[in-house]
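Below you'll find the structure, written out as structure tokens, and then a few comments.
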Amino acid sequence: MKIVVIGTGYVGLPHAAVLSEYGHQVYAYDIDETRIAAYQSGIAENIERYVNEPGLAEVVAENLNRYLFFTTDITEVAEDSDIFFLCINTPPNLDGSTDMTYYLDAIRHLAKLLARRKKNQRVVLVNKSTVPIGTARLLESVMNEHGVENFGVASNPEFLAQGNAVEGSRRPDRIVIGADTAEDMQILRRVYSQFVNHVRIRYLETTPETAEAIKYVSNTLLLTYISFWNGVGARLAEAMPNIRMEDLKIGVTADARISTWGSYVSNGAGGSCFGKDIQSLIYQLNHAGRPTDLLRAVYGINEYQKRYLIDRAVHEAHFKFNQKTVALLGLSFKKRTNDMRDSAALQVVESLLSRGVHAIRAYDPLAMDEARRNWFNPEKNYLFERITYHDSAVEAIRGSDALYISTDWEEFRGLARTIETTVRPPYLVMDGRRMLPDYEALVAAGYDYLPVGGLLLRGKRDESFEPGDNGHAMVEPVGALQ
Ligand code: UGA
């Protein structure tokens with residue numbers, strides 16, 4: 001098949017690369033020339049500057065100029081391509097609705113090209129990135145307005161998680177195709193021929209609207225699992241003695257009807273998808289005049305969860321953040337990425353600064369450049385000058401009064417020893433990811449330990465920990481970071 005992928009970000013590039021592995025002729029198009037030049041170089045470092053996914057650079061290099069072509073001009077290939085996958089970013093507006101500006105620009109440009117086709121063979125236009133329910137219909141009307149002939153529209157949502165794009169594309173759990181005609185379904189079967197009739201992979205054919213809805217319901221259900229565990233399971237273990245969080249999880253999820261995914265309690269789920277998609281679904285349902293209580297609760301629990309441990313430190317541990325130095329380990333929204341969009345660390349920093357901390361000593365294995373440049377740039381807010389960046393966890397911890405673990409990087413699991421050898425109690429460890437299996441040794445050595453999904457454990461030491469006022473300092477609030 002001759003395929004064009006429009007938009008080469010986290011959705012488009014892995015999709016284009018893996019399609020090219022199956023011998024299709026794939027043209028990956030983007031308006032960003034420097035991005036396309038980076039991909040076209042075939043050099044891993046250049047590619048990973050834009051999309052950092054395990055194995056992706058290798059797939060690109062192997063197929064480059066054989067099955068995979070990068071371009072900023074699709075005027076010619078538009079003439080006889082079978083499929084266009086639309087992988088354009090659709091960021092959120094402030095009211096939760098979806099900003100369709102880039103999408104609309106792209107499809108109008110495409111409509112003009114397709115309207116000029118001479119051969120007029122059947123072409124299917126497929127929405128791949130997450131777009132509001134009804135967008136396939138919008139796409140259809142824009143094509144009709146421009147006089148495009150012999151086309152079909154479809155929805156084929158992407159279900160990949162970041163960090164697993166290549167493997168996930170090669171072995172998805174499902175392929176969902178929403179299209180209107182048997183002819184268009186058939187064209188898409190040829191694209192995904194390796195998955196049709198697969199013994200394990202579900203290949204579902206349905207309406208475009210259903211396919212669009214499947215994506216929103218999937219993501220909001222996943223976030224509901226997380227919020228349920230954070231907002232119910234973890235709360236029990238934080239409030240009542242002798243409840244072991246890990247055993248609680250095992251006992252509950254042993255029921256085959258209950259998902260194990262989502263039971264990993266945390267300081268909130270971040271990333272570019274969950275928050276954006278649930279807000280968009282709330283907006284879409286509101287717009288349709290339907291109640292959204294459950295979704296609003298799920299979203300609210302998840303957002304509060306990102307600041308919650310700091311509130312617990314103040315109210316339960318009576319920790320005074322004012323003028324303290326706090327080590328912050330982990331800035332990205334999950335391990336193995338430098339992506340900080342909607343990361344809990346953003347709200348942790350905002351909360352710490354508004355409580356008047358003297359300094360935040362940050363460390364992340366991958367995201368420090370991203371943090372410096374895009375999120376905590378002192379040019380955006382002078383309070384960010386209080387954040388310093390360190391080359392290792394131990395360096396960040398040195399000289400601090402408290403520690404906050406915000407991301408589940410594996411290297412943080414062994415931190416208990418590092419803490420013991422680097423700082424002296426009284427010292428508060430806030431564990432937003434339950435990363436310290438040997439926390440008991442830490443507590444025995446006098447350190448206070450405050451985890452999500454667990455009681456505050458006071459360090460065993462002679463002198464009493466200094467409680468006091470809650471340390472709210474007279475500093476300007478940082479304001480929304482996102
Ligand atoms: C998510 C979904 O998992 C994908 O299925 C979906 O395709 C994708 O969004 C998308 O719409 O593009 P992703 O954002 O890459 O994928 O991240 P996840 O691995 O799902 O993690 C999201 C957040 O939830 C992270 O901060 C993670 O640490 C947190 N999490 C995850 C928990 O707090 N607890 C858990 O049990 C699982």
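For the structure tokens, the naming scheme is as follows: chains receive sequential letters (A, B, ...) according to their order of presentation, residues are indexed from 1 within each chain, and ligands are indexed from 1 in presentation order.
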Margin query: Let me see if you get this right: every residue at most 8 Å from ligand 1, counting only C-alpha atoms and all ligand atoms, written as a PyMOL selection string.
Written below: chain A and resi 11+129-130+158-164+215+218-219+222-223+225-226+260-274+277+333-335+343-344+407-408
Residue selection dump (N, CA, C and O atoms) as a compact mmCIF listing (two decimals), in the first residue's frame:
# COMPACT_ATOMS: atom_id res chain seq x y z
N VAL A 11 2.91 9.91 18.05
CA VAL A 11 1.98 8.98 17.41
C VAL A 11 2.45 8.65 15.99
O VAL A 11 2.59 7.49 15.60
N SER A 129 -4.58 10.08 15.72
CA SER A 129 -4.43 10.70 17.04
C SER A 129 -5.81 10.91 17.67
O SER A 129 -6.82 10.88 16.99
N THR A 130 -5.82 11.10 18.99
CA THR A 130 -7.10 11.18 19.70
C THR A 130 -7.82 12.48 19.35
O THR A 130 -7.27 13.57 19.57
N GLU A 158 -5.06 5.22 18.35
CA GLU A 158 -3.77 4.72 18.83
C GLU A 158 -3.89 4.41 20.32
O GLU A 158 -4.36 5.25 21.08
N PHE A 159 -3.47 3.21 20.73
CA PHE A 159 -3.57 2.85 22.14
C PHE A 159 -2.20 2.66 22.79
O PHE A 159 -2.11 2.07 23.87
N LEU A 160 -1.16 3.15 22.14
CA LEU A 160 0.19 2.90 22.66
C LEU A 160 0.48 3.70 23.92
O LEU A 160 0.01 4.82 24.07
N ALA A 161 1.28 3.11 24.80
CA ALA A 161 1.79 3.86 25.95
C ALA A 161 3.20 4.32 25.61
O ALA A 161 3.94 3.63 24.90
N GLN A 162 3.58 5.48 26.11
CA GLN A 162 4.91 6.00 25.83
C GLN A 162 5.97 5.06 26.39
O GLN A 162 5.80 4.49 27.46
N GLY A 163 7.04 4.92 25.65
CA GLY A 163 8.11 4.02 26.08
C GLY A 163 7.93 2.62 25.51
O GLY A 163 8.82 1.78 25.62
N ASN A 164 6.79 2.38 24.90
CA ASN A 164 6.52 1.04 24.37
C ASN A 164 5.95 1.11 22.95
O ASN A 164 5.26 0.21 22.50
N LYS A 215 -11.59 5.03 22.27
CA LYS A 215 -10.35 5.64 22.77
C LYS A 215 -10.59 6.43 24.06
O LYS A 215 -9.87 6.30 25.05
N SER A 218 -11.57 4.11 26.97
CA SER A 218 -10.40 3.35 27.44
C SER A 218 -9.54 4.21 28.36
O SER A 218 -9.22 3.81 29.48
N ASN A 219 -9.14 5.38 27.88
CA ASN A 219 -8.23 6.19 28.68
C ASN A 219 -8.86 6.67 29.98
O ASN A 219 -8.21 6.71 31.03
N LEU A 222 -8.95 3.75 32.40
CA LEU A 222 -7.62 3.51 32.99
C LEU A 222 -7.34 4.52 34.10
O LEU A 222 -6.85 4.17 35.19
N LEU A 223 -7.66 5.78 33.84
CA LEU A 223 -7.43 6.79 34.88
C LEU A 223 -8.35 6.56 36.08
O LEU A 223 -7.98 6.83 37.22
N TYR A 225 -9.24 3.61 37.23
CA TYR A 225 -8.57 2.59 38.05
C TYR A 225 -7.53 3.25 38.96
O TYR A 225 -7.46 2.98 40.15
N ILE A 226 -6.70 4.10 38.35
CA ILE A 226 -5.63 4.73 39.13
C ILE A 226 -6.23 5.58 40.24
O ILE A 226 -5.82 5.51 41.40
N THR A 260 -5.31 -5.56 37.38
CA THR A 260 -4.12 -5.29 38.20
C THR A 260 -3.53 -3.95 37.77
O THR A 260 -2.98 -3.22 38.58
N TRP A 261 -3.66 -3.63 36.50
CA TRP A 261 -3.16 -2.34 36.01
C TRP A 261 -3.91 -1.23 36.75
O TRP A 261 -5.12 -1.27 36.90
N GLY A 262 -3.19 -0.25 37.20
CA GLY A 262 -3.83 0.87 37.89
C GLY A 262 -3.74 0.74 39.40
O GLY A 262 -4.05 1.68 40.12
N SER A 263 -3.29 -0.43 39.88
CA SER A 263 -3.24 -0.61 41.33
C SER A 263 -1.91 -0.15 41.91
O SER A 263 -1.67 -0.29 43.10
N TYR A 264 -1.07 0.36 41.04
CA TYR A 264 0.21 0.90 41.50
C TYR A 264 -0.04 2.32 42.02
O TYR A 264 -0.19 3.25 41.24
N VAL A 265 -0.15 2.47 43.35
CA VAL A 265 -0.53 3.78 43.88
C VAL A 265 0.62 4.76 43.72
O VAL A 265 1.79 4.39 43.79
N SER A 266 0.27 6.01 43.48
CA SER A 266 1.28 6.99 43.09
C SER A 266 0.85 8.38 43.51
O SER A 266 -0.25 8.58 44.03
N ASN A 267 1.76 9.34 43.25
CA ASN A 267 1.38 10.72 43.48
C ASN A 267 0.72 11.31 42.23
O ASN A 267 0.99 12.41 41.81
N GLY A 268 -0.15 10.53 41.62
CA GLY A 268 -0.95 11.04 40.50
C GLY A 268 -0.41 10.59 39.16
O GLY A 268 0.79 10.47 38.96
N ALA A 269 -1.30 10.32 38.22
CA ALA A 269 -0.92 9.95 36.86
C ALA A 269 -0.75 11.21 36.03
O ALA A 269 -1.59 12.10 36.05
N GLY A 270 0.37 11.27 35.31
CA GLY A 270 0.61 12.42 34.44
C GLY A 270 0.64 11.98 32.99
O GLY A 270 0.08 10.95 32.63
N GLY A 271 1.33 12.80 32.17
CA GLY A 271 1.46 12.47 30.75
C GLY A 271 0.51 13.30 29.91
O GLY A 271 -0.37 13.99 30.42
N SER A 272 0.72 13.18 28.60
CA SER A 272 -0.01 14.08 27.70
C SER A 272 -1.42 13.59 27.40
O SER A 272 -2.17 14.27 26.71
N CYS A 273 -1.79 12.40 27.89
CA CYS A 273 -3.06 11.83 27.42
C CYS A 273 -4.17 11.81 28.45
O CYS A 273 -5.27 12.30 28.19
N PHE A 274 -3.92 11.23 29.61
CA PHE A 274 -5.01 11.00 30.55
C PHE A 274 -5.75 12.30 30.92
O PHE A 274 -6.97 12.38 30.84
N ASP A 277 -7.49 13.85 27.86
CA ASP A 277 -8.63 13.08 27.33
C ASP A 277 -9.83 13.13 28.27
O ASP A 277 -10.97 13.22 27.82
N PHE A 333 6.98 12.34 33.92
CA PHE A 333 5.67 11.85 34.39
C PHE A 333 5.68 10.35 34.68
O PHE A 333 4.81 9.84 35.39
N LYS A 334 6.66 9.65 34.13
CA LYS A 334 6.88 8.25 34.49
C LYS A 334 8.32 7.93 34.10
O LYS A 334 9.00 8.73 33.47
N LYS A 335 8.77 6.72 34.48
CA LYS A 335 10.16 6.37 34.19
C LYS A 335 10.37 6.21 32.69
O LYS A 335 9.41 6.05 31.93
N SER A 343 3.20 16.20 34.51
CA SER A 343 3.93 15.42 35.51
C SER A 343 3.59 15.91 36.92
O SER A 343 3.41 17.11 37.16
N ALA A 344 3.55 14.96 37.87
CA ALA A 344 3.29 15.34 39.26
C ALA A 344 4.33 16.34 39.75
O ALA A 344 4.03 17.22 40.56
N THR A 407 9.02 10.28 40.75
CA THR A 407 8.92 9.42 39.56
C THR A 407 9.46 8.03 39.90
O THR A 407 10.35 7.90 40.74
N ASP A 408 8.93 7.01 39.22
CA ASP A 408 9.28 5.62 39.55
C ASP A 408 10.52 5.11 38.82
O ASP A 408 10.56 3.95 38.39
Next item on the list: Write out as an NGL selection string the residues lying within 12 Å of Val18 (chain A), counting only C-alpha atoms and excluding same-chain residues fewer than 3 positions away.
Entry: :A and (5 or 11-15 or 21-26 or 28 or 55-64 or 67-68 or 165-172 or 191-192)
Give me, as a CSV table (one decimal) with C-alpha atoms, in the first residue's frame, all polymer residues having an atom no more than 9 Å from Thr75 (chain A), counting only C-alpha atoms and skipping those fewer than 6 positions away in the same chain.
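What landed in part.csv:
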chain,number,residue,atom,x,y,z
A,110,LEU,CA,-4.9,17.9,2.3
A,113,LEU,CA,-4.3,18.5,-2.7
A,114,LEU,CA,-6.8,15.7,-3.0
Item checked: Nearest-residue call for Gly454 (chain A), choices A:Asp311, A:Asp173, A:Glu48, A:Glu238, using only C-alpha atoms ->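 Closest to Gly454 (chain A) of all the choices is A:Glu238.
Considering only C-alpha atoms, the residue among A:Tyr102, A:Tyr29, A:Pro426, A:Lys112 positioned nearest to Val77 (chain A) is A:Tyr29.
For the atom pair formed by CA of Glu45 (chain A) and CA of Asp32 (chain A), the distance is 17.6 Å, given to one decimal.
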Margin query: At a cut-off of 8 Å, using only C-alpha atoms, what residues contact region 240-249 of chain A? Leave out same-chain residues fewer than 3 positions from it and give the result as number ranges by chain.
Written below: A: 233-234, 236-237, 252-253, 260, 263, 453-455
Item checked: helix (DSSP H, G or I) positions in region 53-297 of chain A, given as a PyMOL selection string -> chain A and resi 56-63+77-79+101-115+135-145+165-170+182-191+208-239+245-253+274-287+293-297
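The nearest approach to Thr337 (chain A) among the residues A:Val51, A:Leu94, A:Ala44, A:Ile187, with only C-alpha atoms taken into account, belongs to A:Val51.
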Next item on the list: Once DSSP has gone over the backbone, tell me which residues of region 236-421 of chain A are in strand (DSSP E), as a list in words.
Entry: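 For region 236-421 of chain A, the strand (DSSP E) set is Thr325, Val326, Ala327, Leu328, Leu329, Ala359, Ile360, Arg361, Ala362, Tyr363, Ile387, Thr388, Tyr389, Ala402, Leu403, Tyr404 and Ile405 of chain A.
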Item checked: Separation of CA of Asn322 (chain A) from CA of Arg355 (chain A), in Å and rounded to one decimal ->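 One can read the CA of Asn322 (chain A) to CA of Arg355 (chain A) distance as 5.9 Å.
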Check: If you measure from CA of Phe84 (chain A) to CA of Gln284 (chain A), what distance in Å do you get, rounded to one decimal?
Finding: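 Atom-to-atom, CA of Phe84 (chain A) and CA of Gln284 (chain A) are spaced 26.0 Å apart.
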